[in-house]
Structures are given as C-alpha cells and as structure tokens.
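> Can you read through this structure? Questions will come right after.
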Amino acid sequence: MDEKNVNLLMFSGDYDKALAALIIANGARELNASVTVFFAFWGLLLVRDPEQLSDEEKTAFEKMFSTMTPKGAEALPLSKMNMAGLGKHMLLDMMDDKKTPHLTDFLDGARKKGVKFYVCQLSMEIMGFKKEELLPEVKIVDVKEYLEDAMNADMQLFI
Amino acid sequence: MDEKNVNLLMFSGDYDKALAALIIANGARELNASVTVFFAFWGLLLVRDPEQLSDEEKTAFEKMFSTMTPKGAEALPLSKMNMAGLGKHMLLDMMDDKKTPHLTDFLDGARKKGVKFYVCQLSMEIMGFKKEELLPEVKIVDVKEYLEDAMNADMQLFI
Amino acid sequence: MDEKNVNLLMFSGDYDKALAALIIANGARELNASVTVFFAFWGLLLVRDPEQLSDEEKTAFEKMFSTMTPKGAEALPLSKMNMAGLGKHMLLDMMDDKKTPHLTDFLDGARKKGVKFYVCQLSMEIMGFKKEELLPEVKIVDVKEYLEDAMNADMQLFI
C-alpha cells in the first residue's frame, strides 16, 4: 500500500471520542500512514500537561475556566451515560477486565509513534491556555495550516 | 459517474445521528456507490438484534450495561431535546405527518441494498456483546480493517 | 495549489460546533477552495432568518417545535458546559477579550465569500420550516445532491 495521509480534527473533550480518535491514530501509524491530529476547542483539554497547569498571567475568566475544566486526558467525561462519573468508572472497569489500555496509554502510543500533534491557536487564545501548559511536542497552527494538511489528506474526520 | 466508495464510522448511539447516517448510506447506494458503515462504541446499540439479547456468560458489569442501554434501533434517544423521550415522540409524530420512514426502515433498506456492516471488535469485547446478539450480516473487524476501507474511500464521515 | 473542494455537513445545532464549521469554511475560501456547507437536522437552526420566523400554515407540533428551538445563530447553546447559558456567556466574554468575532460574523463572512449554502429538504419538511424563514441564498437539496457534491470533494466533515 502507498503511504496514506490521515487527518483527524479532535474537537470533542469526551473520553470515549478521544479514545476512538487515538485508537484510529495509532492504527493508522501501524499501517504506515502519516497522521495529524488537530486539537481544537474542547479537544485542547486532551493535550494539557497535568503537571504544568498554571494560573499565572491569566484573567479571572481564564482562571475560572481553567479550574472548571478537566485536568488532562484521564479526567475527561464520557459523551453519554457519564452519570457524574459512575458510567465512566464502569466503562474503565470493563476495559480493565479485557486488558484494554486506557486513554493515556493510547495518547502515549501516539506520541511515541510520531503522530503529529497540531493545536489550534485561536482556541488556545480564547481559552487562555499557555504553550507551557501543553504537551511539549504540540505545534501551534492556525486554521489555514490545518486545512492545508487536511485538504491534501486521504481521509479526514471531525471527532 | 464512476463508482465511488463511501465509509461511515457510526460512533454515536443517538436516534437522529443514526437516521442521518442511514439516509446517507441508502442515498449513496442508490447512486451506485459502495458503502461501508463501521459501528463502534455507542453505534453498536444500532446493530443489536432486539430478539436476540442474552445475558448468558456475561459478567455482572456486562449484564448491568446490557440492561441500562437501549434495546435496538428504535429505542435510541435523540442527541438533543430528548426530554425523557418527549422530544423524540414529537419528532416521530412530525416524521409520521410527512410520511417519513423511521430508523428501522432505513436500517432495513441499508441491509437490503447491500451496505456493508462492519462492527468494531474492541467495542464488542469492552461492552460484552456476543456475535449472536447482533444482526446476522455484521462482519467483526479491527481498527486496521476499518482503516484500510476508510483510507481508500472517496468520502469518510465520523458520525 | 490546485483549487480544492471542501464539503461540510452541519448536523449539530451547537454554538461551538457551528463556530468551528464556519471558521473552517471561511479559511478554506481564503485558500481559494470551493466550499459547500450542507445544513441538516439541528444545523437548520443556523440558517433561520431571525427576522422571518412565521407560524403561518404550521401544524400544532410545528409551532411548538418552532417555539422551543433557538431563534438564529447567536441563540444556539454550547455542546458542553452550557449550564443554562452561563458557560456560553463566559465563552463569549473570553472571545470578546481576545477580539474574536462571534458566530454571526463568521456566518456573514461565509455568505460574502461565496460559500455555497445547501439545506436538507427532508429536514425542512420534518421540522416544518418554510423557505421564507431561511436565509435567502440557501439552496434546498436532497441527500443525493449533497452526496454528489461530497463524494467529489477533497475533504468532507460531519459536524
């Protein structure tokens, strides 16, 4: 097979959708495809580095927003049946029963396999996140840089 | 027109999104496109056979999960304005007023028209669904088999 | 770069997802791509003309539906953290802090830049919306017309 290009726009901040995106990203790399994941809006919550959260130089709104949102990948809620975390606890137990890796494992896998991590500049500005609060390998891009990658890819998904 | 290939990833378990996916799948077959729908996560709820639900050989969690989730396509909730079923009842009445077929009709249409039904192996394992509980024509595949279809399609959607 | 074709299916009626779709549509036009946005289901709420809402010749259900749904683009809720509007108010304040345009600005931008606005005929019929209630430039199409555009595009997203 020729080398394919896969482009995923990670918009959602849901645990289950992020799991789907990263399983696809890992699988595509194993098939030798080049993979870009563009994290925008709630998807930014997935690339926050839980060790590097900071409230320095933030406005009151930015601090409130930072406090109210999940801290890193494993803290994301489910898109359905979350029931204040009970549904997610149940899903994680069911995943453990089947020895399925968790979201952070797939995230680490994607980082090791060379998936390109793009982050939406506008979303960062609006949410008040600083570069230092994110995983070190992310590249900050605007919508045009995203589009140039996506329009030339063999496959694009909005997740 | 050349024969096109359409690949849909049905992630959501919402009635309205499933309706959109199956209307697209039916329409694409009528345009002579080859169509694959890959059912993953909550999308699995769409291909459960309501006559074949079983709790045999399931763990406690799997049984609870099976009990708490909708039984077959017509039981799925709306993604918005569901209001404990009132909104969906209203939508179905409005569809009936316009003689619009229901979700099961579009599902049956897709089955008759030769839409390929792929089911995500990992989702089945996590949720504890058995092959016998699903519609008979589904093919159980892993993420790589999904990707090989999707990366070579002319159009991919994550729904 | 060759002229590319971008096709977006706007299914969701969420403020944040509509913002993402229209930022992409505007950006793609600035890169000289041809852009079609197909508004279906809740996406219809985005192309209602707030000055032209009418209850004439509507059934009781259609009137109730029309009353219960958001009136125009700026009235759409967030997909997450909406908290009865508080979260959205907060997001809009954060956008204002960074001088980010609002949804209606991106909608107007897309209209001026020649983004093609397709509207799903079946969704209109089910929801009971009349052509006169929508923005004047929308073209009403069926699923096949959508698919002919989408299957021949370089990039498709379901938003």
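Going by the structure tokens order, chains are called A, B, ..., each with residues numbered from 1, while ligands are numbered from 1 in the order shown.
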Need to verify the contact set: Ala18 (chain A), 9 Å, only C-alpha atoms, exclusion of same-chain residues closer than 2 positions in sequence. Can you return it as a compact mmCIF listing (two decimals) with C-alpha atoms, in the first residue's frame?

```
# COMPACT_ATOMS: atom_id res chain seq x y z
CA MET A 10 -10.23 16.45 17.68
CA SER A 12 -14.67 16.99 21.47
CA GLY A 13 -13.40 16.74 25.02
CA ASP A 14 -15.14 13.42 25.71
CA TYR A 15 -13.20 10.42 26.98
CA ASP A 16 -14.88 7.94 24.63
CA ALA A 20 -11.78 6.47 19.29
CA ALA A 21 -9.57 9.19 17.76
CA LEU A 22 -6.38 7.88 19.35
CA ILE A 23 -7.10 4.23 18.53
CA GLY A 43 -10.01 18.82 22.31
CA LEU A 46 -6.59 16.34 25.92
CA ALA A 73 -6.77 13.10 29.38
CA LEU A 76 -12.33 13.69 30.59
CA LEU A 103 -6.72 6.81 27.07
CA ILE A 159 -14.37 13.90 16.11
```
> Near chain A, which residues of chain B fall within 8 Å when you count only C-alpha atoms, and what do they look like as a PyMOL selection string?
chain B and resi 41+61-62+125-127+143-144+147+150-153+155-158
> Could you dump the residues just selected with all heavy atoms as a compact mmCIF listing (two decimals), in the first residue's frame?

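Output file again12.txt follows:
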```txt
# COMPACT_ATOMS: atom_id res chain seq x y z
N PHE B 41 -18.33 1.69 19.45
CA PHE B 41 -18.82 2.27 20.71
C PHE B 41 -20.35 2.26 20.74
O PHE B 41 -20.97 1.25 20.51
CB PHE B 41 -18.26 3.69 20.91
CG PHE B 41 -16.84 3.67 21.43
CD1 PHE B 41 -15.79 3.38 20.58
CD2 PHE B 41 -16.57 3.93 22.76
CE1 PHE B 41 -14.48 3.35 21.05
CE2 PHE B 41 -15.26 3.91 23.24
CZ PHE B 41 -14.23 3.62 22.38
N PHE B 61 -20.99 -6.62 35.45
CA PHE B 61 -20.93 -5.32 34.77
C PHE B 61 -21.56 -5.40 33.38
O PHE B 61 -22.29 -4.52 32.96
CB PHE B 61 -19.48 -4.85 34.62
CG PHE B 61 -19.04 -3.96 35.74
CD1 PHE B 61 -17.80 -4.15 36.33
CD2 PHE B 61 -19.84 -2.92 36.20
CE1 PHE B 61 -17.37 -3.32 37.36
CE2 PHE B 61 -19.41 -2.09 37.23
CZ PHE B 61 -18.18 -2.30 37.82
N GLU B 62 -21.23 -6.46 32.66
CA GLU B 62 -21.76 -6.61 31.31
C GLU B 62 -23.28 -6.71 31.33
O GLU B 62 -23.96 -6.15 30.48
CB GLU B 62 -21.15 -7.83 30.63
CG GLU B 62 -19.69 -7.62 30.23
CD GLU B 62 -19.00 -8.89 29.74
OE1 GLU B 62 -19.65 -9.96 29.74
OE2 GLU B 62 -17.83 -8.80 29.35
N GLU B 125 -15.91 -6.38 22.62
CA GLU B 125 -15.28 -7.00 23.79
C GLU B 125 -15.51 -6.18 25.04
O GLU B 125 -15.88 -6.71 26.09
CB GLU B 125 -13.78 -7.17 23.54
CG GLU B 125 -13.46 -8.28 22.55
CD GLU B 125 -11.98 -8.35 22.19
OE1 GLU B 125 -11.18 -7.64 22.83
OE2 GLU B 125 -11.64 -9.09 21.26
N ILE B 126 -15.29 -4.86 24.92
CA ILE B 126 -15.44 -3.99 26.11
C ILE B 126 -16.87 -4.02 26.62
O ILE B 126 -17.12 -4.14 27.82
CB ILE B 126 -15.00 -2.55 25.78
CG1 ILE B 126 -13.50 -2.49 25.53
CG2 ILE B 126 -15.40 -1.60 26.92
CD1 ILE B 126 -13.00 -1.14 25.06
N MET B 127 -17.83 -3.91 25.71
CA MET B 127 -19.23 -3.85 26.13
C MET B 127 -19.81 -5.23 26.44
O MET B 127 -20.92 -5.32 26.96
CB MET B 127 -20.07 -3.16 25.04
CG MET B 127 -19.66 -1.70 24.82
SD MET B 127 -20.87 -0.80 23.83
CE MET B 127 -20.18 0.87 23.87
N VAL B 143 -9.52 -2.24 14.00
CA VAL B 143 -9.38 -0.87 13.52
C VAL B 143 -8.60 -0.81 12.21
O VAL B 143 -8.85 0.05 11.36
CB VAL B 143 -8.74 0.05 14.60
CG1 VAL B 143 -7.29 -0.30 14.85
CG2 VAL B 143 -8.88 1.52 14.22
N LYS B 144 -7.69 -1.77 12.00
CA LYS B 144 -6.90 -1.74 10.76
C LYS B 144 -7.76 -2.07 9.54
O LYS B 144 -7.60 -1.49 8.48
CB LYS B 144 -5.70 -2.67 10.86
CG LYS B 144 -4.65 -2.10 11.80
CD LYS B 144 -3.44 -2.98 11.93
CE LYS B 144 -2.56 -2.42 13.04
NZ LYS B 144 -1.48 -3.33 13.38
N LEU B 147 -9.65 0.94 8.79
CA LEU B 147 -8.81 1.98 8.16
C LEU B 147 -8.50 1.64 6.70
O LEU B 147 -8.43 2.54 5.87
CB LEU B 147 -7.51 2.14 8.96
CG LEU B 147 -7.59 3.11 10.13
CD1 LEU B 147 -6.40 2.94 11.06
CD2 LEU B 147 -7.68 4.57 9.66
N ALA B 150 -11.50 2.74 4.92
CA ALA B 150 -11.72 4.19 5.00
C ALA B 150 -10.67 4.98 4.22
O ALA B 150 -11.02 5.92 3.50
CB ALA B 150 -11.72 4.63 6.47
N MET B 151 -9.38 4.60 4.35
CA MET B 151 -8.33 5.38 3.70
C MET B 151 -8.42 5.30 2.18
O MET B 151 -7.90 6.15 1.47
CB MET B 151 -6.95 4.90 4.17
CG MET B 151 -6.68 5.21 5.64
SD MET B 151 -4.94 4.97 6.16
CE MET B 151 -4.66 3.25 5.70
N ASN B 152 -9.05 4.24 1.67
CA ASN B 152 -9.22 4.09 0.23
C ASN B 152 -10.59 4.55 -0.28
O ASN B 152 -10.88 4.41 -1.47
CB ASN B 152 -8.96 2.63 -0.18
CG ASN B 152 -7.50 2.28 0.00
OD1 ASN B 152 -6.64 2.81 -0.71
ND2 ASN B 152 -7.19 1.43 0.97
N ALA B 153 -11.42 5.07 0.60
CA ALA B 153 -12.74 5.56 0.18
C ALA B 153 -12.63 6.98 -0.35
O ALA B 153 -11.65 7.69 -0.10
CB ALA B 153 -13.69 5.51 1.38
N MET B 155 -14.84 9.21 0.46
CA MET B 155 -15.52 10.07 1.43
C MET B 155 -15.63 9.30 2.74
O MET B 155 -16.00 8.12 2.73
CB MET B 155 -16.91 10.37 0.86
CG MET B 155 -17.88 10.94 1.85
SD MET B 155 -19.43 11.41 0.97
CE MET B 155 -20.41 11.79 2.43
N GLN B 156 -15.29 9.98 3.84
CA GLN B 156 -15.38 9.36 5.16
C GLN B 156 -16.07 10.34 6.10
O GLN B 156 -15.78 11.53 6.05
CB GLN B 156 -13.99 9.05 5.75
CG GLN B 156 -13.06 8.28 4.87
CD GLN B 156 -12.31 9.16 3.88
OE1 GLN B 156 -12.36 10.37 3.94
NE2 GLN B 156 -11.61 8.54 2.95
N LEU B 157 -16.95 9.83 6.92
CA LEU B 157 -17.56 10.67 7.96
C LEU B 157 -17.50 9.94 9.30
O LEU B 157 -17.63 8.72 9.35
CB LEU B 157 -19.02 11.00 7.63
CG LEU B 157 -19.33 11.75 6.34
CD1 LEU B 157 -20.84 11.89 6.15
CD2 LEU B 157 -18.68 13.13 6.33
N PHE B 158 -17.32 10.72 10.36
CA PHE B 158 -17.40 10.22 11.74
C PHE B 158 -18.70 10.77 12.31
O PHE B 158 -18.86 11.98 12.45
CB PHE B 158 -16.21 10.74 12.55
CG PHE B 158 -16.18 10.28 13.99
CD1 PHE B 158 -15.46 9.16 14.36
CD2 PHE B 158 -16.87 10.99 14.98
CE1 PHE B 158 -15.41 8.75 15.70
CE2 PHE B 158 -16.84 10.58 16.31
CZ PHE B 158 -16.11 9.45 16.66
```
> Could you please write out, as a list in words, every residue of region 38-150 of chain C that DSSP assigns to strand (DSSP E)?
Phe38, Phe39, Lys116, Phe117, Tyr118, Val119, Cys120, Lys139, Ile140 and Val141 of chain C
> For CA of His102 (chain C) and CA of Lys130 (chain A), determine how far apart the two atoms are, in Å to one decimal place.
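Straight-line distance from CA of His102 (chain C) to CA of Lys130 (chain A) works out to 22.5 Å.
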> For Arg48 (chain C), list every protein, DNA or RNA residue within 6 Å, evaluated using only C-alpha atoms, and leave out those in the same chain fewer than 5 positions away; present the list as a ChimeraX atom specification.
/C:72,133-134
> Would you list, as number ranges by chain, the residues of region 33-135 of chain C that end up in helix (DSSP H, G or I) under DSSP run on this structure's backbone?
C: 41-46, 60-68, 73-75, 83-97, 103-112, 121-127, 131-133
> To one decimal in Å, tell me the separation between CA of Asn82 (chain C) and CA of Phe11 (chain B).
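Computing the Euclidean distance for CA of Asn82 (chain C) and CA of Phe11 (chain B) yields 22.9 Å.
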> Excluding Cys120 (chain C) and any residue of its chain fewer than 5 positions from it, enumerate the residues within 9 Å of it, using only C-alpha atoms, and give them as an NGL selection string.
:C and (38-41 or 44 or 125 or 139-143 or 146)
